>>> print(open('target35.tsv').read())   # TSV, C-alpha atoms and all ligand atoms
chain	number	residue	atom	x	y	z
A	1	MET	CA	-8.71	17.70	13.99
A	2	VAL	CA	-11.40	18.01	11.34
A	3	MET	CA	-13.42	14.79	11.25
A	4	GLN	CA	-15.82	15.80	8.48
A	5	ARG	CA	-15.37	15.20	4.81
A	6	LEU	CA	-14.12	18.30	3.03
A	7	GLY	CA	-16.48	17.73	0.11
A	8	LYS	CA	-14.03	19.10	-2.43
A	9	ASN	CA	-13.61	16.00	-4.59
A	10	ILE	CA	-16.25	16.06	-7.30
A	11	GLY	CA	-15.81	13.35	-9.94
A	12	SER	CA	-12.17	12.81	-9.07
A	13	TYR	CA	-9.51	13.63	-6.48
A	14	GLN	CA	-9.02	17.40	-6.25
A	15	GLY	CA	-6.96	17.62	-3.09
A	16	ASP	CA	-3.35	18.27	-2.14
A	17	ARG	CA	-0.63	16.94	-4.40
A	18	ILE	CA	2.99	16.01	-3.72
A	19	GLN	CA	6.27	16.14	-5.60
A	20	ALA	CA	6.91	12.42	-5.52
A	21	THR	CA	10.59	12.72	-6.45
A	22	GLU	CA	11.14	15.12	-3.54
A	23	VAL	CA	9.41	12.80	-1.04
A	24	LEU	CA	11.32	9.81	-2.44
A	25	ALA	CA	14.62	11.67	-2.00
A	26	ARG	CA	13.73	12.25	1.66
A	27	ILE	CA	12.81	8.58	2.11
A	28	GLU	CA	16.10	7.54	0.53
A	29	LYS	CA	18.04	9.82	2.87
A	30	PHE	CA	16.30	8.47	5.98
A	31	ALA	CA	16.60	4.85	4.81
A	32	SER	CA	20.32	4.99	4.11
A	33	ALA	CA	20.99	6.83	7.38
A	34	GLN	CA	19.18	4.03	9.21
A	35	GLY	CA	21.05	1.19	7.53
A	36	TRP	CA	18.39	-0.02	5.13
A	37	GLN	CA	19.68	-1.77	2.02
A	38	LYS	CA	18.71	-0.45	-1.36
A	39	GLU	CA	16.67	-2.90	-3.40
A	40	PRO	CA	15.97	-0.84	-6.54
A	41	MET	CA	13.55	-1.83	-9.27
A	42	PRO	CA	15.04	-1.34	-12.76
A	43	LEU	CA	12.56	-0.96	-15.61
A	44	GLU	CA	12.92	-1.77	-19.33
A	45	ASN	CA	12.71	1.92	-20.19
A	46	GLY	CA	15.83	2.71	-18.15
A	47	LEU	CA	13.97	4.17	-15.19
A	48	ILE	CA	14.87	2.83	-11.76
A	49	LEU	CA	12.26	2.94	-9.00
A	50	PRO	CA	13.46	3.00	-5.40
A	51	GLY	CA	13.06	0.01	-3.12
A	52	PHE	CA	14.43	-0.81	0.30
A	53	ARG	CA	14.87	-3.80	2.54
A	54	ARG	CA	15.96	-4.34	6.07
A	55	ALA	CA	16.75	-7.57	7.94
A	56	GLY	CA	15.21	-7.75	11.37
A	57	VAL	CA	16.82	-8.86	14.60
A	58	GLN	CA	16.06	-12.59	15.09
A	59	SER	CA	13.18	-12.13	12.69
A	60	ARG	CA	10.99	-14.95	11.51
A	61	SER	CA	8.44	-12.74	9.76
A	62	ARG	CA	8.72	-11.11	6.37
A	63	VAL	CA	6.49	-8.19	5.43
A	64	TYR	CA	6.23	-6.30	2.14
A	65	ILE	CA	4.75	-2.80	1.84
A	66	SER	CA	4.05	-0.87	-1.36
A	67	SER	CA	2.54	2.50	-2.07
A	68	GLY	CA	2.05	5.11	-4.74
A	69	ILE	CA	0.69	2.88	-7.52
A	70	HIS	CA	-2.02	5.51	-8.12
A	71	GLY	CA	-0.68	9.00	-8.79
A	72	ASP	CA	-3.67	10.73	-7.20
A	73	GLU	CA	-3.21	8.99	-3.83
A	74	PRO	CA	-0.36	10.82	-2.09
A	75	ALA	CA	-0.99	9.89	1.55
A	76	GLY	CA	0.59	6.42	1.25
A	77	VAL	CA	3.92	7.82	0.06
A	78	LEU	CA	3.81	10.47	2.79
A	79	ALA	CA	2.92	7.87	5.43
A	80	LEU	CA	5.97	5.76	4.54
A	81	CYS	CA	8.14	8.89	4.59
A	82	GLN	CA	6.87	9.69	8.08
A	83	MET	CA	7.54	6.13	9.23
A	84	PHE	CA	11.14	6.40	8.01
A	85	GLN	CA	11.55	9.82	9.57
A	86	GLU	CA	10.19	8.67	12.94
A	87	LYS	CA	11.79	5.20	12.75
A	88	LEU	CA	8.52	3.42	13.36
A	89	TRP	CA	9.77	0.01	12.21
A	90	PRO	CA	9.75	-2.79	14.80
A	91	LYS	CA	13.14	-4.53	15.05
A	92	GLY	CA	11.91	-8.12	14.84
A	93	LEU	CA	10.75	-8.13	11.20
A	94	ASP	CA	12.31	-8.44	7.79
A	95	LEU	CA	10.86	-5.64	5.73
A	96	TRP	CA	10.66	-4.83	2.02
A	97	ILE	CA	9.35	-1.44	0.94
A	98	LEU	CA	8.49	-0.01	-2.47
A	99	PRO	CA	7.41	3.53	-1.61
A	100	CYS	CA	6.19	4.72	-5.02
A	101	LEU	CA	5.27	2.51	-7.97
A	102	ASN	CA	3.93	5.30	-10.21
A	103	PRO	CA	6.05	8.46	-9.86
A	104	ARG	CA	5.02	9.71	-13.34
A	105	GLY	CA	1.39	9.50	-12.27
A	106	PHE	CA	2.21	11.86	-9.40
A	107	ASP	CA	3.95	14.26	-11.82
A	108	LEU	CA	0.78	14.27	-13.92
A	109	GLY	CA	-1.67	14.15	-11.01
A	110	THR	CA	-3.37	11.09	-12.48
A	111	ARG	CA	-4.42	7.75	-11.05
A	112	GLU	CA	-2.98	6.12	-14.19
A	113	ASN	CA	0.59	6.12	-15.47
A	114	GLU	CA	1.88	8.29	-18.35
A	115	ASP	CA	0.28	5.93	-20.90
A	116	GLY	CA	-3.14	6.12	-19.27
A	117	LEU	CA	-2.84	2.63	-17.78
A	118	ASP	CA	-4.22	1.86	-14.34
A	119	LEU	CA	-1.22	-0.09	-13.05
A	120	ASN	CA	-3.33	-1.67	-10.34
A	121	ARG	CA	-5.35	-3.50	-13.01
A	122	ASP	CA	-2.30	-4.68	-14.97
A	123	TYR	CA	-0.93	-7.66	-13.04
A	124	GLN	CA	-2.40	-10.23	-15.41
A	125	SER	CA	-2.06	-8.41	-18.75
A	126	LEU	CA	1.37	-6.84	-17.95
A	127	LYS	CA	0.98	-3.99	-20.45
A	128	ALA	CA	3.12	-1.52	-18.49
A	129	ALA	CA	6.91	-1.69	-18.17
A	130	VAL	CA	6.59	-0.88	-14.48
A	131	THR	CA	4.33	-3.90	-13.88
A	132	ARG	CA	6.77	-6.20	-15.65
A	133	GLY	CA	9.69	-4.67	-13.72
A	134	HIS	CA	7.76	-5.01	-10.48
A	135	ILE	CA	7.12	-8.70	-11.07
A	136	GLN	CA	10.79	-9.31	-11.88
A	137	TRP	CA	11.67	-7.51	-8.66
A	138	LEU	CA	9.17	-9.59	-6.67
A	139	GLN	CA	10.50	-12.83	-8.19
A	140	LYS	CA	13.92	-12.06	-6.65
A	141	GLN	CA	12.42	-11.75	-3.16
A	142	PRO	CA	11.34	-14.54	-0.79
A	143	SER	CA	7.71	-15.12	0.07
A	144	PHE	CA	6.10	-12.81	2.63
A	145	ASP	CA	4.01	-13.54	5.73
A	146	PHE	CA	1.71	-10.75	4.66
A	147	THR	CA	1.72	-7.71	2.42
A	148	LEU	CA	0.32	-4.19	2.79
A	149	CYS	CA	-0.62	-2.04	-0.22
A	150	LEU	CA	-1.31	1.60	0.69
A	151	HIS	CA	-4.03	3.44	-1.20
A	152	GLU	CA	-6.55	6.26	-0.91
A	153	ASP	CA	-10.19	6.57	-1.98
A	154	TRP	CA	-11.62	10.02	-2.64
A	155	GLU	CA	-15.20	8.72	-2.38
A	156	ALA	CA	-14.75	7.03	1.01
A	157	HIS	CA	-16.46	8.27	4.17
A	158	GLY	CA	-13.57	7.05	6.28
A	159	PHE	CA	-10.67	4.62	6.41
A	160	TYR	CA	-11.31	1.03	5.28
A	161	LEU	CA	-9.37	-1.96	4.00
A	162	TYR	CA	-9.58	-5.03	1.78
A	163	GLU	CA	-8.38	-8.37	3.08
A	164	LEU	CA	-7.45	-11.26	0.78
A	165	ASN	CA	-7.08	-14.33	2.94
A	166	PRO	CA	-8.26	-17.44	1.08
A	167	ASP	CA	-6.89	-19.85	3.71
A	168	LEU	CA	-8.73	-17.94	6.46
A	169	ARG	CA	-5.55	-17.41	8.46
A	170	PRO	CA	-5.64	-15.26	11.63
A	171	SER	CA	-6.37	-11.72	10.47
A	172	ILE	CA	-4.91	-8.41	11.60
A	173	SER	CA	-7.61	-6.35	9.88
A	174	GLU	CA	-9.45	-5.49	13.09
A	175	LYS	CA	-6.23	-4.41	14.78
A	176	MET	CA	-5.52	-2.05	11.88
A	177	ILE	CA	-9.05	-0.65	11.94
A	178	GLU	CA	-8.88	-0.10	15.72
A	179	ALA	CA	-5.58	1.76	15.35
A	180	ALA	CA	-6.84	3.91	12.47
A	181	ARG	CA	-10.07	4.68	14.33
A	182	LYS	CA	-8.12	6.65	16.94
A	183	VAL	CA	-7.02	9.21	14.34
A	184	CYS	CA	-9.55	9.01	11.50
A	185	PRO	CA	-13.20	8.07	10.94
A	186	ILE	CA	-13.84	4.53	9.71
A	187	ASP	CA	-16.14	3.99	6.71
A	188	LEU	CA	-18.91	1.89	8.24
A	189	SER	CA	-20.98	1.63	5.05
A	190	PRO	CA	-22.48	-1.86	4.56
A	191	GLU	CA	-21.29	-1.70	0.96
A	192	ILE	CA	-18.08	-0.08	-0.33
A	193	GLU	CA	-17.04	-0.06	-3.99
A	194	GLY	CA	-19.84	-2.54	-4.73
A	195	ARG	CA	-18.64	-5.06	-2.15
A	196	LYS	CA	-20.06	-6.10	1.18
A	197	ALA	CA	-18.22	-4.42	4.03
A	198	SER	CA	-18.38	-4.76	7.79
A	199	GLY	CA	-16.76	-2.35	10.23
A	200	GLY	CA	-14.53	-0.96	7.49
A	201	ILE	CA	-13.31	-4.42	6.40
A	202	ILE	CA	-14.00	-5.94	2.98
A	203	CYS	CA	-13.30	-9.64	2.57
A	204	ALA	CA	-12.17	-9.68	-1.07
A	205	ASN	CA	-11.77	-13.48	-1.38
A	206	PRO	CA	-14.77	-13.85	-3.78
A	207	ASP	CA	-13.05	-11.43	-6.20
A	208	LEU	CA	-10.21	-13.90	-6.69
A	209	LEU	CA	-12.42	-16.21	-8.75
A	210	LYS	CA	-14.00	-13.68	-11.05
A	211	ARG	CA	-11.73	-10.74	-11.66
A	212	PRO	CA	-9.55	-10.71	-14.80
A	213	ASP	CA	-7.99	-7.24	-14.31
A	214	TRP	CA	-5.58	-8.23	-11.57
A	215	PRO	CA	-4.53	-5.60	-9.04
A	216	GLU	CA	-1.12	-5.89	-7.36
A	217	ALA	CA	-2.70	-7.75	-4.42
A	218	PHE	CA	-3.84	-10.55	-6.74
A	219	TYR	CA	-0.33	-11.14	-8.04
A	220	LEU	CA	0.91	-11.14	-4.46
A	221	ILE	CA	-1.69	-13.66	-3.25
A	222	HIS	CA	-0.99	-16.01	-6.15
A	223	HIS	CA	2.80	-15.85	-6.01
A	224	LYS	CA	4.24	-14.25	-2.87
A	225	THR	CA	1.97	-14.54	0.17
A	226	ARG	CA	-1.31	-15.98	1.48
A	227	THR	CA	-2.58	-12.80	3.13
A	228	THR	CA	-2.79	-9.34	1.65
A	229	TYR	CA	-4.25	-6.13	3.03
A	230	THR	CA	-5.06	-3.16	0.82
A	231	LEU	CA	-5.44	-0.07	3.00
A	232	GLU	CA	-7.65	2.79	1.81
A	233	SER	CA	-7.39	6.19	3.45
A	234	PRO	CA	-10.23	8.63	2.73
A	235	SER	CA	-8.75	11.37	0.55
A	236	ASP	CA	-11.66	13.76	1.03
A	237	PHE	CA	-10.26	14.41	4.52
A	238	PRO	CA	-7.34	16.67	5.53
A	239	MET	CA	-3.95	15.26	4.56
A	240	ASN	CA	-2.72	14.93	8.14
A	241	THR	CA	-5.74	12.74	8.98
A	242	ARG	CA	-5.23	10.52	5.92
A	243	VAL	CA	-1.52	10.08	6.60
A	244	ALA	CA	-2.12	9.46	10.31
A	245	ALA	CA	-4.64	6.72	9.52
A	246	LEU	CA	-2.18	4.86	7.28
A	247	VAL	CA	0.72	5.28	9.72
A	248	ALA	CA	-1.47	4.00	12.58
A	249	ALA	CA	-2.73	0.97	10.65
A	250	VAL	CA	0.67	-0.03	9.27
A	251	THR	CA	2.31	0.43	12.66
A	252	ALA	CA	-0.35	-1.74	14.33
A	253	ALA	CA	0.13	-4.49	11.73
A	254	LEU	CA	3.92	-4.47	12.06
A	255	GLU	CA	3.91	-4.36	15.85
A	256	PHE	CA	1.52	-7.30	15.95
A	257	ALA	CA	3.63	-9.29	13.50
A	258	ALA	CA	6.81	-8.54	15.48
A	259	LEU	CA	5.16	-9.67	18.75
A	260	GLU	CA	3.98	-12.92	17.18
A	261	ASN	CA	7.60	-14.10	16.95
A	301	ZN	ZN	-5.48	3.27	-5.22
>>> encode(input="target35.tsv", output="structure tokens")
Amino acid sequence: MVMQRLGKNIGSYQGDRIQATEVLARIEKFASAQGWQKEPMPLENGLILPGFRRAGVQSRSRVYISSGIHGDEPAGVLALCQMFQEKLWPKGLDLWILPCLNPRGFDLGTRENEDGLDLNRDYQSLKAAVTRGHIQWLQKQPSFDFTLCLHEDWEAHGFYLYELNPDLRPSISEKMIEAARKVCPIDLSPEIEGRKASGGIICANPDLLKRPDWPEAFYLIHHKTRTTYTLESPSDFPMNTRVAALVAAVTAALEFAALEN
């Protein structure tokens, strides 16, 4: 496995792309074969984005996972597809999954949607139909014990994550980092994206007070959960490494949550 950066992303992501609709069709096939319920997200413009939910066996934990909000970050969508294909979901959890929030961005190969909006900055201003549809979808769901948002960062030197945890609840960040470390380098920079980081973990609590351009995680922390994790795979690495890092981290989080019951 190559553990060096490829160095091919200059100024923006230049790496492998996916056909999001094709990957989503595969996810849908796996999900329905495995008894997941469809929980689609209708939008004002007539588009319907796929969503899925599954009730656990004697579950007391509820976990929400989203991916694909940035159209130049394919590894999250692929990681969820692999998890469906390999049935990597622990039984003792109620799960909600939105595998791709910005399919048009993937068609265009852009971080933003078709109107040039960064959806992950839109959860306060609600300019995009998909953000409004997403919030309506979330309002129909119960609260979650924690949420995972899957992303990639083309500038990163390795895997890292953001934790929002204003009540300082027990954290699973280190478990996710340990799991990802087995398959992918961790970004050990003391500062990532202008924030203090330690061992690949950014405590994003201070952002809550000062940031007006809400990402998805901010909506979640204010309305649906008290702990969010935003996972960032390094997209200057080979795709199999990036996908493996996300699969490992998500699996570690879910297994831990299932054992806690
Ligand atoms: Zn992103």
>>> closest_residue(input="target35.tsv", among="A:Leu78, A:Leu117, A:Val57, A:Ala249", to="Pro90 of chain A", atoms="all atoms listed in the file")
A:Val57
>>> residues_near_ligand(input="target35.tsv", ligand="ligand ZN 301 (chain A)", cutoff="8 Å", atoms="all atoms listed in the file", output="list in words")
Gly68, Ile69, His70, Asp72, Glu73, Arg111, Asn120, Leu150, His151, Glu152, Asp153 and Glu232 of chain A
>>> closest_residue(input="target35.tsv", among="A:Asp207, A:Asp107, A:Glu178, A:Glu39", to="Ala20 of chain A", atoms="only C-alpha atoms")
A:Asp107
>>> residues_around(input="target35.tsv", residues="Phe218 of chain A", least_positions_apart="5", cutoff="9 Å", atoms="all atoms listed in the file", output="JSON, numbers by chain")
{"A": [123, 124, 164, 208, 223, 228]}
>>> write_last_selection(input="target35.tsv", atoms="C-alpha atoms", output="tab-separated table (two decimals), in the frame of the given file")
chain	number	residue	atom	x	y	z
A	123	TYR	CA	-0.93	-7.66	-13.04
A	124	GLN	CA	-2.40	-10.23	-15.41
A	164	LEU	CA	-7.45	-11.26	0.78
A	208	LEU	CA	-10.21	-13.90	-6.69
A	223	HIS	CA	2.80	-15.85	-6.01
A	228	THR	CA	-2.79	-9.34	1.65
>>> closest_residue(input="target35.tsv", among="A:Thr225, A:Gln82, A:Asn45, A:Gln141", to="Ala128 of chain A", atoms="all atoms listed in the file")
A:Asn45
>>> atom_distance(input="target35.tsv", atom1="atom CA of Phe30 of chain A", atom2="atom CA of Ser61 of chain A")
22.9 Å
>>> closest_residue(input="target35.tsv", among="A:Glu86, A:Glu112, A:Glu44, A:Glu163", to="Leu231 of chain A", atoms="all atoms listed in the file")
A:Glu163
>>> atom_distance(input="target35.tsv", atom1="atom CA of Thr147 of chain A", atom2="atom CA of Leu95 of chain A")
9.9 Å
>>> closest_residue(input="target35.tsv", among="A:Thr227, A:Arg26, A:Lys38, A:Thr131", to="Pro166 of chain A", atoms="all atoms listed in the file")
A:Thr227
>>> atom_distance(input="target35.tsv", atom1="atom CA of Thr21 of chain A", atom2="atom CA of Ser67 of chain A")
13.7 Å
>>> closest_residue(input="target35.tsv", among="A:Lys196, A:Arg62, A:Arg132, A:Lys29", to="Ile97 of chain A", atoms="only C-alpha atoms")
A:Arg62
>>> build_atoms(input="target35.tsv", residues="segment 202-237 of chain A", atoms="N, CA and C atoms", output="compact mmCIF listing (two decimals), in the coordinates of the input")
# COMPACT_ATOMS: atom_id res chain seq x y z
N ILE A 202 -13.43 -5.23 4.11
CA ILE A 202 -14.00 -5.94 2.98
C ILE A 202 -13.22 -7.24 2.81
N CYS A 203 -13.92 -8.35 2.89
CA CYS A 203 -13.30 -9.64 2.57
C CYS A 203 -13.36 -9.78 1.05
N ALA A 204 -12.21 -9.70 0.40
CA ALA A 204 -12.17 -9.68 -1.07
C ALA A 204 -11.95 -11.06 -1.67
N ASN A 205 -12.02 -12.12 -0.85
CA ASN A 205 -11.77 -13.48 -1.38
C ASN A 205 -12.63 -13.82 -2.60
N PRO A 206 -13.95 -13.48 -2.61
CA PRO A 206 -14.77 -13.85 -3.78
C PRO A 206 -14.24 -13.26 -5.08
N ASP A 207 -13.59 -12.07 -5.00
CA ASP A 207 -13.05 -11.43 -6.20
C ASP A 207 -12.02 -12.30 -6.91
N LEU A 208 -11.32 -13.12 -6.13
CA LEU A 208 -10.21 -13.90 -6.69
C LEU A 208 -10.67 -14.80 -7.83
N LEU A 209 -11.92 -15.26 -7.76
CA LEU A 209 -12.42 -16.21 -8.75
C LEU A 209 -12.93 -15.53 -10.01
N LYS A 210 -13.26 -14.25 -9.92
CA LYS A 210 -14.00 -13.68 -11.05
C LYS A 210 -13.35 -12.47 -11.70
N ARG A 211 -12.23 -12.00 -11.15
CA ARG A 211 -11.73 -10.74 -11.66
C ARG A 211 -10.55 -10.92 -12.60
N PRO A 212 -10.66 -10.52 -13.87
CA PRO A 212 -9.55 -10.71 -14.80
C PRO A 212 -8.49 -9.59 -14.71
N ASP A 213 -8.91 -8.39 -14.29
CA ASP A 213 -7.99 -7.24 -14.31
C ASP A 213 -7.23 -7.17 -12.98
N TRP A 214 -6.24 -8.05 -12.85
CA TRP A 214 -5.58 -8.23 -11.57
C TRP A 214 -4.96 -6.96 -11.00
N PRO A 215 -5.31 -6.60 -9.78
CA PRO A 215 -4.53 -5.60 -9.04
C PRO A 215 -3.26 -6.25 -8.47
N GLU A 216 -2.38 -5.41 -7.96
CA GLU A 216 -1.12 -5.89 -7.36
C GLU A 216 -1.39 -6.99 -6.33
N ALA A 217 -2.42 -6.79 -5.50
CA ALA A 217 -2.70 -7.75 -4.42
C ALA A 217 -2.98 -9.15 -4.97
N PHE A 218 -3.56 -9.22 -6.18
CA PHE A 218 -3.84 -10.55 -6.74
C PHE A 218 -2.55 -11.25 -7.14
N TYR A 219 -1.62 -10.52 -7.74
CA TYR A 219 -0.33 -11.14 -8.04
C TYR A 219 0.32 -11.62 -6.74
N LEU A 220 0.28 -10.78 -5.73
CA LEU A 220 0.91 -11.14 -4.46
C LEU A 220 0.29 -12.41 -3.88
N ILE A 221 -1.03 -12.50 -3.89
CA ILE A 221 -1.69 -13.66 -3.25
C ILE A 221 -1.43 -14.94 -4.05
N HIS A 222 -1.25 -14.81 -5.35
CA HIS A 222 -0.99 -16.01 -6.15
C HIS A 222 0.48 -16.45 -6.11
N HIS A 223 1.39 -15.52 -5.84
CA HIS A 223 2.80 -15.85 -6.01
C HIS A 223 3.69 -15.58 -4.80
N LYS A 224 3.28 -14.67 -3.89
CA LYS A 224 4.24 -14.25 -2.87
C LYS A 224 3.76 -14.35 -1.43
N THR A 225 2.47 -14.54 -1.20
CA THR A 225 1.97 -14.54 0.17
C THR A 225 0.60 -15.20 0.19
N ARG A 226 0.06 -15.45 1.38
CA ARG A 226 -1.31 -15.98 1.48
C ARG A 226 -2.22 -14.99 2.19
N THR A 227 -1.72 -13.82 2.52
CA THR A 227 -2.58 -12.80 3.13
C THR A 227 -2.15 -11.42 2.67
N THR A 228 -3.08 -10.71 2.05
CA THR A 228 -2.79 -9.34 1.65
C THR A 228 -3.82 -8.39 2.26
N TYR A 229 -3.36 -7.20 2.56
CA TYR A 229 -4.25 -6.13 3.03
C TYR A 229 -4.04 -4.91 2.13
N THR A 230 -5.12 -4.38 1.61
CA THR A 230 -5.06 -3.16 0.82
C THR A 230 -5.74 -2.07 1.64
N LEU A 231 -4.95 -1.10 2.08
CA LEU A 231 -5.44 -0.07 3.00
C LEU A 231 -5.90 1.15 2.21
N GLU A 232 -7.07 1.65 2.54
CA GLU A 232 -7.65 2.79 1.81
C GLU A 232 -7.93 3.93 2.78
N SER A 233 -7.15 5.01 2.63
CA SER A 233 -7.39 6.19 3.45
C SER A 233 -8.36 7.11 2.70
N PRO A 234 -9.20 7.83 3.41
CA PRO A 234 -10.23 8.63 2.73
C PRO A 234 -9.66 9.99 2.30
N SER A 235 -9.49 10.18 0.98
CA SER A 235 -8.75 11.37 0.55
C SER A 235 -9.62 12.61 0.42
N ASP A 236 -10.86 12.53 0.92
CA ASP A 236 -11.66 13.76 1.03
C ASP A 236 -11.52 14.37 2.44
N PHE A 237 -10.54 13.87 3.19
CA PHE A 237 -10.26 14.41 4.52
C PHE A 237 -8.93 15.16 4.47
